[in-house]
$ cat run_12.txt   # compact mmCIF, C-alpha atoms
# COMPACT_ATOMS: atom_id res chain seq x y z
CA MET S 10 143.03 30.09 -173.52
CA ARG S 11 144.82 27.77 -171.13
CA ARG S 12 145.50 28.71 -167.50
CA ARG S 13 149.05 28.24 -166.46
CA HIS S 14 149.76 26.65 -163.07
CA SER S 15 152.71 27.76 -160.96
CA PHE S 16 154.60 25.24 -158.85
CA THR S 17 156.90 25.88 -155.89
CA LEU S 18 159.78 23.52 -155.47
CA VAL S 19 160.18 22.25 -151.90
CA GLU S 20 163.62 21.07 -150.95
CA PHE S 21 163.51 18.05 -148.61
CA PRO S 22 166.35 17.47 -146.11
CA SER S 23 168.80 14.75 -146.83
CA LEU S 24 168.59 11.33 -145.15
CA GLU S 25 171.42 12.12 -142.72
CA THR S 26 169.77 15.43 -141.71
CA GLN S 27 166.48 13.60 -141.05
CA LYS S 28 168.30 11.15 -138.78
CA CYS S 29 169.88 13.97 -136.74
CA MET S 30 166.52 15.77 -136.38
CA TYR S 31 164.87 12.55 -135.18
CA MET S 32 167.60 11.87 -132.62
CA ASN S 33 167.45 15.42 -131.19
CA HIS S 34 163.67 15.24 -130.85
CA HIS S 35 163.91 11.81 -129.17
CA ILE S 36 166.52 13.02 -126.62
CA VAL S 37 164.51 16.13 -125.68
CA THR S 38 161.35 14.04 -125.24
CA ASN S 39 163.16 11.55 -122.98
CA HIS S 40 164.66 14.33 -120.87
CA ASN S 41 161.22 15.88 -120.37
CA GLN S 42 159.80 12.50 -119.41
CA ILE S 43 162.62 11.85 -116.91
CA ASP S 44 162.17 15.29 -115.32
CA HIS S 45 158.44 14.64 -115.02
CA ASN S 46 159.00 11.22 -113.42
CA GLU S 47 161.54 12.65 -110.96
CA ASN S 48 159.10 15.38 -109.91
CA VAL S 49 156.31 12.85 -109.39
CA SER S 50 158.64 10.54 -107.43
CA LEU S 51 159.92 13.42 -105.29
CA LYS S 52 156.37 14.55 -104.51
CA ALA S 53 155.37 10.98 -103.59
CA GLN S 54 158.43 10.55 -101.36
CA THR S 55 157.80 13.89 -99.62
CA THR S 56 154.18 12.95 -99.03
CA SER S 57 155.24 9.51 -97.71
CA ASP S 58 157.85 10.99 -95.34
CA SER S 59 155.40 13.58 -94.07
CA SER S 60 152.72 10.97 -93.42
CA GLN S 61 155.22 8.72 -91.58
CA GLU S 62 156.31 11.55 -89.32
CA HIS S 63 152.78 12.28 -88.15
CA SER S 64 151.18 8.82 -88.23
CA PRO S 65 150.62 6.86 -85.00
CA LEU S 66 152.76 3.86 -83.99
CA HIS S 67 150.43 1.11 -85.13
CA SER S 68 149.84 2.67 -88.56
CA ARG S 69 153.61 2.55 -89.23
CA MET S 70 153.72 -1.15 -88.32
CA PRO S 71 151.82 -3.08 -90.97
CA ASN S 72 152.26 -6.81 -91.49
CA ILE S 73 153.12 -7.63 -87.87
CA LYS S 74 151.61 -10.28 -85.63
CA VAL S 75 152.44 -10.96 -81.97
CA PHE S 76 151.48 -14.37 -80.56
CA GLY S 77 151.87 -15.54 -76.99
CA GLY S 78 152.44 -19.02 -75.64
CA SER S 79 150.90 -20.37 -72.45
CA SER S 80 153.91 -19.65 -70.22
CA HIS S 81 153.32 -15.92 -69.61
CA PRO S 82 150.09 -14.57 -71.21
CA GLU S 83 150.13 -11.45 -69.01
CA LEU S 84 153.46 -10.30 -70.43
CA THR S 85 152.16 -10.85 -73.97
CA LYS S 86 149.17 -8.61 -73.23
CA LEU S 87 151.40 -5.87 -71.79
CA ILE S 88 153.69 -5.98 -74.84
CA CYS S 89 150.76 -5.84 -77.28
CA ALA S 90 149.15 -2.98 -75.34
CA ARG S 91 152.34 -0.95 -75.68
CA LEU S 92 152.45 -1.66 -79.43
CA GLY S 93 148.78 -0.87 -79.96
CA LEU S 94 148.10 -4.38 -81.27
CA GLU S 95 145.76 -7.21 -80.41
CA PRO S 96 147.46 -10.50 -79.45
CA GLY S 97 147.35 -13.01 -82.28
CA ARG S 98 144.68 -15.70 -82.08
CA VAL S 99 146.27 -19.02 -81.15
CA VAL S 100 144.93 -22.06 -79.31
CA THR S 101 147.30 -24.34 -77.39
CA LYS S 102 146.10 -27.55 -75.76
CA LYS S 103 147.13 -31.07 -74.81
CA PHE S 104 145.94 -34.30 -76.31
CA SER S 105 144.99 -37.13 -73.96
CA ASN S 106 148.49 -38.61 -74.34
CA ARG S 107 150.01 -35.21 -73.29
CA GLU S 108 151.18 -34.25 -76.78
CA THR S 109 151.10 -30.51 -77.46
CA SER S 110 148.67 -29.15 -80.04
CA VAL S 111 148.90 -25.63 -81.51
CA GLU S 112 146.37 -23.95 -83.81
CA ILE S 113 147.15 -20.55 -85.39
CA ASN S 114 143.68 -19.12 -86.05
CA GLU S 115 144.60 -16.26 -88.38
CA SER S 116 146.65 -15.79 -91.53
CA VAL S 117 150.36 -15.11 -91.14
CA ARG S 118 151.28 -15.20 -94.85
CA GLY S 119 153.87 -12.51 -95.52
CA GLU S 120 153.68 -11.28 -91.90
CA ASP S 121 156.48 -10.37 -89.49
CA VAL S 122 155.66 -12.76 -86.62
CA PHE S 123 156.83 -12.44 -83.01
CA ILE S 124 156.17 -15.29 -80.56
CA VAL S 125 156.46 -14.56 -76.81
CA GLN S 126 157.28 -17.60 -74.68
CA SER S 127 159.34 -17.59 -71.47
CA GLY S 128 161.38 -20.49 -70.11
CA CYS S 129 159.45 -21.00 -66.88
CA GLY S 130 156.76 -23.18 -65.33
CA GLU S 131 156.56 -26.47 -67.20
CA ILE S 132 159.77 -25.68 -69.05
CA ASN S 133 159.91 -28.71 -71.32
CA ASP S 134 156.27 -28.41 -72.38
CA ASN S 135 156.60 -24.66 -72.95
CA LEU S 136 159.76 -25.12 -74.99
CA MET S 137 158.07 -27.74 -77.18
CA GLU S 138 155.06 -25.44 -77.56
CA LEU S 139 157.35 -22.63 -78.73
CA LEU S 140 159.05 -24.87 -81.28
CA ILE S 141 155.70 -26.01 -82.69
CA MET S 142 154.41 -22.42 -82.91
CA ILE S 143 157.56 -21.30 -84.75
CA ASN S 144 157.28 -24.17 -87.22
CA ALA S 145 153.54 -23.64 -87.73
CA CYS S 146 154.09 -19.98 -88.64
CA LYS S 147 157.08 -20.76 -90.85
CA ILE S 148 155.32 -23.34 -92.97
CA ALA S 149 152.30 -20.98 -93.19
CA SER S 150 154.53 -18.61 -95.23
CA ALA S 151 155.37 -16.03 -92.55
CA SER S 152 158.08 -13.73 -93.92
CA ARG S 153 160.05 -13.76 -90.64
CA VAL S 154 159.57 -15.47 -87.26
CA THR S 155 161.17 -13.98 -84.14
CA ALA S 156 161.15 -15.88 -80.85
CA VAL S 157 160.88 -13.51 -77.88
CA ILE S 158 162.20 -15.55 -74.93
CA PRO S 159 162.40 -13.33 -71.82
CA CYS S 160 163.98 -16.12 -69.72
CA PHE S 161 166.07 -18.47 -71.85
CA PRO S 162 165.58 -22.15 -70.85
CA TYR S 163 168.56 -24.36 -69.95
CA ALA S 164 170.80 -21.27 -69.88
CA ARG S 165 172.82 -22.58 -66.91
CA GLN S 166 173.92 -25.66 -68.88
CA ASP S 167 176.18 -23.59 -71.12
CA ARG S 168 179.51 -25.42 -70.81
CA LYS S 169 181.02 -28.83 -70.22
CA ASP S 170 182.13 -28.43 -66.59
CA LYS S 171 182.68 -32.15 -65.96
CA SER S 172 183.07 -35.37 -67.89
CA ARG S 173 180.12 -36.40 -70.07
CA ALA S 174 178.16 -33.24 -69.16
CA PRO S 175 175.80 -32.01 -71.91
CA ILE S 176 175.79 -28.45 -73.25
CA SER S 177 172.00 -28.23 -73.24
CA ALA S 178 171.86 -24.50 -74.05
CA LYS S 179 173.53 -25.29 -77.39
CA LEU S 180 170.97 -28.04 -78.01
CA VAL S 181 168.11 -25.59 -77.38
CA ALA S 182 169.72 -23.11 -79.80
CA ASN S 183 169.90 -25.81 -82.49
CA MET S 184 166.26 -26.77 -81.92
CA LEU S 185 165.08 -23.16 -82.29
CA SER S 186 167.03 -22.72 -85.50
CA VAL S 187 165.80 -25.98 -87.02
CA ALA S 188 162.19 -25.14 -86.08
CA GLY S 189 162.48 -22.06 -88.30
CA ALA S 190 163.28 -19.11 -86.01
CA ASP S 191 164.94 -16.24 -87.89
CA HIS S 192 165.76 -14.06 -84.88
CA ILE S 193 165.90 -14.35 -81.07
CA ILE S 194 165.14 -11.63 -78.51
CA THR S 195 165.94 -12.49 -74.88
CA MET S 196 167.08 -10.81 -71.65
CA ASP S 197 170.11 -11.26 -69.39
CA LEU S 198 171.43 -14.58 -70.63
CA HIS S 199 173.16 -16.49 -67.84
CA ALA S 200 176.27 -16.53 -70.03
CA SER S 201 176.78 -14.14 -72.95
CA GLN S 202 178.51 -16.82 -75.01
CA ILE S 203 175.12 -18.48 -75.54
CA GLN S 204 174.63 -15.92 -78.32
CA GLY S 205 177.44 -17.70 -80.16
CA PHE S 206 175.49 -20.98 -80.09
CA PHE S 207 173.17 -19.53 -82.76
CA ASP S 208 173.74 -18.97 -86.47
CA ILE S 209 170.89 -16.42 -86.48
CA PRO S 210 170.79 -12.91 -84.93
CA VAL S 211 170.34 -12.77 -81.14
CA ASP S 212 169.47 -9.58 -79.24
CA ASN S 213 170.33 -10.02 -75.55
CA LEU S 214 168.61 -7.16 -73.72
CA PHE S 215 169.80 -6.04 -70.28
CA ALA S 216 167.65 -5.38 -67.22
CA GLU S 217 170.36 -3.00 -65.97
CA PRO S 218 168.53 0.25 -66.95
CA ALA S 219 165.39 -0.93 -65.12
CA VAL S 220 167.44 -1.96 -62.06
CA ILE S 221 169.22 1.40 -61.92
CA ARG S 222 165.91 3.23 -62.16
CA TRP S 223 164.38 1.14 -59.36
CA ILE S 224 167.36 1.73 -57.05
CA SER S 225 167.31 5.49 -57.61
CA LEU S 226 163.55 5.71 -56.99
CA HIS S 227 163.04 3.26 -54.10
CA ILE S 228 166.22 3.47 -52.02
CA PRO S 229 166.43 7.06 -50.73
CA ASP S 230 169.99 6.76 -49.39
CA PHE S 231 171.35 4.79 -52.36
CA LYS S 232 174.47 7.00 -52.52
CA ASN S 233 175.51 5.27 -49.28
CA ALA S 234 174.98 1.83 -50.81
CA VAL S 235 177.30 -0.86 -52.12
CA ILE S 236 176.42 -3.03 -55.12
CA VAL S 237 177.38 -6.63 -54.29
CA SER S 238 177.80 -9.59 -56.63
CA PRO S 239 177.06 -12.97 -54.95
CA ASP S 240 179.62 -14.70 -57.19
CA ALA S 241 182.63 -13.91 -59.36
CA GLY S 242 180.64 -14.43 -62.56
CA GLY S 243 178.50 -11.36 -61.88
CA ALA S 244 181.43 -8.98 -61.31
CA LYS S 245 181.02 -7.27 -64.68
CA ARG S 246 177.31 -6.75 -64.06
CA VAL S 247 177.72 -5.08 -60.64
CA THR S 248 180.67 -2.92 -61.70
CA SER S 249 178.61 -1.54 -64.59
CA ILE S 250 175.70 -0.66 -62.27
CA ALA S 251 178.03 0.78 -59.61
CA ASP S 252 179.78 2.97 -62.20
CA ARG S 253 176.51 4.38 -63.51
CA LEU S 254 175.28 5.12 -59.97
CA ASN S 255 178.74 6.38 -58.96
CA ILE S 256 178.90 4.14 -55.87
CA ASP S 257 181.18 1.32 -54.63
CA PHE S 258 180.90 -2.39 -55.30
CA ALA S 259 181.88 -5.58 -53.50
CA LEU S 260 182.21 -9.24 -54.40
CA ILE S 261 181.39 -12.51 -52.68
CA HIS S 262 183.39 -15.58 -53.67
CA LYS S 263 181.45 -18.79 -53.15
CA GLU S 264 182.32 -22.44 -53.43
CA ARG S 265 179.66 -25.08 -54.04
CA LYS S 266 179.55 -28.66 -52.77
CA ARG S 267 177.08 -29.47 -55.54
CA ALA S 268 174.31 -27.72 -57.53
CA ASN S 269 172.07 -25.49 -55.36
CA GLU S 270 174.23 -26.11 -52.26
CA ILE S 271 176.81 -23.56 -51.00
CA ASP S 272 179.94 -24.66 -49.12
CA SER S 273 181.65 -21.38 -48.14
CA MET S 274 181.58 -17.63 -48.87
CA VAL S 275 184.27 -14.95 -48.68
CA LEU S 276 183.42 -11.22 -48.89
CA VAL S 277 185.78 -8.96 -50.81
CA GLY S 278 185.00 -5.28 -50.10
CA ASP S 279 183.72 -3.02 -47.32
CA VAL S 280 180.00 -2.87 -46.48
CA SER S 281 180.23 -1.68 -42.87
CA LYS S 282 177.36 0.71 -41.93
CA ARG S 283 176.21 0.82 -45.54
CA ILE S 284 173.27 -0.49 -47.56
CA ALA S 285 174.16 -3.69 -49.41
CA ILE S 286 172.37 -4.38 -52.69
CA LEU S 287 172.84 -7.92 -54.01
CA VAL S 288 172.48 -8.10 -57.80
CA ASP S 289 172.32 -11.33 -59.83
CA ASP S 290 170.83 -12.56 -63.09
CA MET S 291 168.57 -15.22 -61.55
CA ALA S 292 167.39 -16.61 -58.22
CA ASP S 293 166.30 -20.26 -58.11
CA THR S 294 166.18 -21.81 -54.63
CA CYS S 295 167.60 -18.59 -53.09
CA GLY S 296 170.27 -20.50 -51.18
CA THR S 297 172.94 -18.11 -52.46
CA PHE S 298 170.92 -15.03 -51.49
CA GLU S 299 170.20 -16.42 -48.02
CA CYS S 300 173.86 -17.14 -47.25
CA ALA S 301 175.00 -13.86 -48.81
CA SER S 302 172.58 -11.80 -46.71
CA GLN S 303 173.89 -13.39 -43.51
CA LYS S 304 177.47 -12.76 -44.63
CA LEU S 305 176.74 -9.08 -45.37
CA LEU S 306 174.99 -8.48 -42.04
CA SER S 307 177.85 -10.10 -40.16
CA ALA S 308 180.21 -7.75 -42.04
CA GLY S 309 178.29 -4.73 -40.69
CA ALA S 310 175.78 -3.88 -43.44
CA SER S 311 172.88 -1.73 -42.18
CA LYS S 312 170.31 -3.03 -44.73
CA VAL S 313 170.30 -5.71 -47.41
CA TYR S 314 168.33 -5.71 -50.67
CA ALA S 315 168.33 -8.37 -53.41
CA ILE S 316 167.68 -7.66 -57.08
CA CYS S 317 167.67 -10.22 -59.88
CA THR S 318 166.33 -10.39 -63.42
CA HIS S 319 164.74 -13.85 -63.40
CA GLY S 320 162.92 -14.87 -60.23
CA ILE S 321 162.56 -18.63 -60.69
CA PHE S 322 161.82 -19.24 -56.97
CA SER S 323 161.60 -23.03 -56.99
CA GLY S 324 161.51 -25.36 -53.97
CA PRO S 325 162.02 -23.59 -50.62
CA ALA S 326 162.79 -20.20 -52.22
CA VAL S 327 159.74 -18.28 -50.98
CA SER S 328 160.05 -19.55 -47.39
CA ARG S 329 163.75 -18.62 -47.40
CA ILE S 330 162.86 -15.12 -48.56
CA ASN S 331 160.26 -14.74 -45.82
CA ASN S 332 162.77 -15.86 -43.16
CA SER S 333 165.63 -13.76 -44.54
CA PRO S 334 166.72 -10.29 -43.38
CA PHE S 335 166.09 -8.74 -46.80
CA GLU S 336 164.26 -5.42 -46.93
CA ALA S 337 162.98 -6.44 -50.37
CA VAL S 338 163.66 -9.01 -53.07
CA VAL S 339 163.13 -7.34 -56.46
CA VAL S 340 162.68 -9.25 -59.73
CA THR S 341 161.48 -8.44 -63.23
CA ASN S 342 158.36 -9.90 -64.80
CA THR S 343 160.20 -12.11 -67.29
CA ILE S 344 158.61 -14.89 -65.20
CA PRO S 345 155.08 -14.66 -63.70
CA GLN S 346 155.24 -13.63 -60.03
CA GLU S 347 151.57 -13.31 -59.03
CA GLU S 348 151.52 -16.42 -56.81
CA ASN S 349 154.90 -15.65 -55.24
CA MET S 350 153.81 -12.12 -54.37
CA LYS S 351 150.75 -13.52 -52.61
CA ASN S 352 152.98 -15.75 -50.47
CA SER S 353 155.61 -13.14 -49.65
CA ASN S 354 155.28 -9.40 -49.08
CA LYS S 355 159.02 -8.94 -49.64
CA ILE S 356 158.86 -9.76 -53.34
CA GLN S 357 158.52 -6.75 -55.63
CA VAL S 358 158.33 -6.71 -59.43
CA ILE S 359 159.85 -4.43 -62.08
CA ASP S 360 157.87 -4.30 -65.33
CA VAL S 361 160.15 -4.78 -68.37
CA SER S 362 157.39 -5.19 -70.98
CA MET S 363 158.21 -1.77 -72.43
CA MET S 364 161.76 -2.95 -73.20
CA PHE S 365 160.49 -5.97 -75.13
CA SER S 366 157.82 -3.97 -76.96
CA GLU S 367 160.37 -1.35 -77.99
CA ALA S 368 162.76 -4.09 -79.14
CA ILE S 369 159.95 -5.60 -81.24
CA ARG S 370 159.05 -2.21 -82.72
CA ARG S 371 162.66 -1.41 -83.61
CA THR S 372 163.25 -4.88 -85.06
CA HIS S 373 160.14 -4.66 -87.22
CA ASN S 374 161.04 -1.18 -88.50
CA GLY S 375 164.68 -2.11 -89.13
CA GLU S 376 166.04 0.21 -86.44
CA SER S 377 168.94 -0.32 -84.04
CA VAL S 378 168.18 -1.81 -80.60
CA SER S 379 171.48 -0.78 -79.02
CA TYR S 380 169.68 2.16 -77.36
CA LEU S 381 167.94 -0.34 -75.08
CA PHE S 382 171.24 -1.64 -73.71
CA THR S 383 171.71 1.51 -71.64
CA GLN S 384 168.33 3.29 -71.61
CA MET S 385 164.86 2.32 -70.45
CA PRO S 386 161.96 3.50 -72.67
CA LEU S 387 159.22 5.37 -70.86
$ encode --input "run_12.txt" --output "structure tokens"
Amino acid sequence: MRRRHSFTLVEFPSLETQKCMYMNHHIVTNHNQIDHNENVSLKAQTTSDSSQEHSPLHSRMPNIKVFGGSSHPELTKLICARLGLEPGRVVTKKFSNRETSVEINESVRGEDVFIVQSGCGEINDNLMELLIMINACKIASASRVTAVIPCFPYARQDRKDKSRAPISAKLVANMLSVAGADHIITMDLHASQIQGFFDIPVDNLFAEPAVIRWISLHIPDFKNAVIVSPDAGGAKRVTSIADRLNIDFALIHKERKRANEIDSMVLVGDVSKRIAILVDDMADTCGTFECASQKLLSAGASKVYAICTHGIFSGPAVSRINNSPFEAVVVTNTIPQEENMKNSNKIQVIDVSMMFSEAIRRTHNGESVSYLFTQMPL
């Protein structure tokens, strides 16, 4: 007797139905995968933001190197100390024929490089040293090279004021750009139009916040003071400081026989029985300051102070300061002043390293530096 087998007929979906089922399954799977990826990305971003908020300064500044030239090593150390970094290892020397040699003794590949070199001392040698350092870092594959030039060299040769006169500040700008600089950070350019000589970004910091702070802390009766510009070119500078201190300002019009030699001075404003504070961007031989102090005293000023950003103090400058009636001559440390302070007890220095270090930090992190134009970091 044969056993009968029973079969169940299974109805398979049509080809079009199979395609629809496949597409629906594929879409759901992709949506789940996208949601999972978004959650992972969101968690990673939250963790990253949280770690950035609580991490110290130097841990948020990877891939940065700060090198210093031979013009102002002390300022380089102060800037690096504020940033929590060690100065980059570089050796600068002279060959027997006085050519400049630069050796960068650490890797700068992919790094954000800042080179600190001020336009002082042996200006031509220091400028050439800066150009060589910029080029050495650039051809060593640094991602960006920023020249930090506290005192810009040749800044007073910014226009053609007579026949066949060179515009040397423009030449220096061209040299820096050709050497490979991607960005310039400087302070109190002698003429703001020098920024237009460059085709790269230039941040011109102001010493004004530091000057205002020094006046308010070291001149007790500063509300009875007058801010004085020794020439017409500095009128905008002194009016800005006077407005922020809510005090008056005055102006001295001077005429020169030739460079570094004053012919006559005319005072515009009242300084009688008041403290006169001369403010300028730089002091070289101090001939202007010496004549201006005599003019202010003859006009009835009770005390005279002098404040400038760049204390060049060449030639007879220090002896003129010692023989002048100034209570104090105050400068920033954009130029080394150790020797000058030994030779004159009237010279005082304002430290502006924190302004440069903050500018470097903000530049590296892609933040705005406009805060530094009116405020001084603590």
$ residues_around --input "run_12.txt" --residues "S:Ser79" --least-positions-apart "6" --cutoff "10 Å" --atoms "all atoms listed in the file" --output "list in words"
Thr85, Val99, Val100, Thr101, Lys102, Val125, Gln126, Ser127, Gly130, Glu131, Asp134, Asn135, Glu138 and Leu139 of chain S
$ closest_residue --input "run_12.txt" --among "S:Leu276, S:Ala151, S:Ala285, S:Ile203" --to "S:Ile228" --atoms "all atoms listed in the file"
S:Ala285
$ atom_distance --input "run_12.txt" --atom1 "atom CA of S:Thr297" --atom2 "atom CA of S:Ser328"
13.9 Å
$ residues_around --input "run_12.txt" --residues "stretch 208-222 of chain S" --least-positions-apart "6" --cutoff "6 Å" --atoms "only C-alpha atoms" --output "VMD selection string"
chain S and resid 192 to 197 382 to 385
$ residues_around --input "run_12.txt" --residues "stretch 242-258 of chain S" --least-positions-apart "6" --cutoff "8 Å" --atoms "all atoms listed in the file" --output "list in words"
Glu217, Ile221, Lys232, Asn233, Ala234, Val235, Ile236, Gly278, Val288, Asp289 and Asp290 of chain S
$ residues_around --input "run_12.txt" --residues "S:Ile141" --least-positions-apart "4" --cutoff "8 Å" --atoms "all atoms listed in the file" --output "list in words"
Val111, Met137, Ala145 and Ala188 of chain S
$ atom_distance --input "run_12.txt" --atom1 "atom CA of S:Ser177" --atom2 "atom CA of S:Ile124"
21.7 Å
$ atom_distance --input "run_12.txt" --atom1 "atom CA of S:Ile261" --atom2 "atom CA of S:Val275"
5.5 Å
$ residues_around --input "run_12.txt" --residues "S:Arg165" --least-positions-apart "3" --cutoff "12 Å" --atoms "all atoms listed in the file" --output "list in words"
Cys160, Phe161, Pro162, Arg168, Lys169, Asp170, Pro175, Ile176, Ser177, Ala178, Lys179, Val181, Asp197, Leu198, His199, Ala200, Ser201, Gln202, Ile203, Ala268, Asn269, Asp290, Met291, Ala292 and Asp293 of chain S
$ closest_atom_pairs --input "run_12.txt" --of "stretch 278-328 of chain S" --to "stretch 333-356 of chain S" --cutoff "9 Å" --atoms "only C-alpha atoms" --output "JSON lines"
{"residue": "S:Met291", "atom": "CA", "partner": "S:Val340", "partner_atom": "CA", "distance": 8.6}
{"residue": "S:Ala292", "atom": "CA", "partner": "S:Val340", "partner_atom": "CA", "distance": 8.9}
{"residue": "S:Phe298", "atom": "CA", "partner": "S:Ser333", "partner_atom": "CA", "distance": 8.8}
{"residue": "S:Glu299", "atom": "CA", "partner": "S:Ser333", "partner_atom": "CA", "distance": 6.3}
{"residue": "S:Ser302", "atom": "CA", "partner": "S:Pro334", "partner_atom": "CA", "distance": 6.9}
{"residue": "S:Gln303", "atom": "CA", "partner": "S:Pro334", "partner_atom": "CA", "distance": 7.8}
{"residue": "S:Leu306", "atom": "CA", "partner": "S:Pro334", "partner_atom": "CA", "distance": 8.6}
{"residue": "S:Lys312", "atom": "CA", "partner": "S:Glu336", "partner_atom": "CA", "distance": 6.9}
{"residue": "S:Val313", "atom": "CA", "partner": "S:Phe335", "partner_atom": "CA", "distance": 5.2}
{"residue": "S:Tyr314", "atom": "CA", "partner": "S:Phe335", "partner_atom": "CA", "distance": 5.4}
{"residue": "S:Ala315", "atom": "CA", "partner": "S:Val338", "partner_atom": "CA", "distance": 4.7}
{"residue": "S:Ile316", "atom": "CA", "partner": "S:Val339", "partner_atom": "CA", "distance": 4.6}
{"residue": "S:Cys317", "atom": "CA", "partner": "S:Val340", "partner_atom": "CA", "distance": 5.1}
{"residue": "S:Thr318", "atom": "CA", "partner": "S:Thr341", "partner_atom": "CA", "distance": 5.2}
{"residue": "S:His319", "atom": "CA", "partner": "S:Thr343", "partner_atom": "CA", "distance": 6.2}
{"residue": "S:Gly320", "atom": "CA", "partner": "S:Val340", "partner_atom": "CA", "distance": 5.6}
{"residue": "S:Ile321", "atom": "CA", "partner": "S:Ile344", "partner_atom": "CA", "distance": 7.1}
{"residue": "S:Phe322", "atom": "CA", "partner": "S:Asn349", "partner_atom": "CA", "distance": 8.0}
{"residue": "S:Val327", "atom": "CA", "partner": "S:Ser353", "partner_atom": "CA", "distance": 6.7}
{"residue": "S:Ser328", "atom": "CA", "partner": "S:Ser353", "partner_atom": "CA", "distance": 8.1}
$ closest_residue --input "run_12.txt" --among "S:Asn331, S:Gly78, S:Gly119, S:Ala301" --to "S:His262" --atoms "only C-alpha atoms"
S:Ala301
$ closest_residue --input "run_12.txt" --among "S:Ala149, S:Leu140, S:Val154, S:Val280" --to "S:Asn183" --atoms "all atoms listed in the file"
S:Leu140
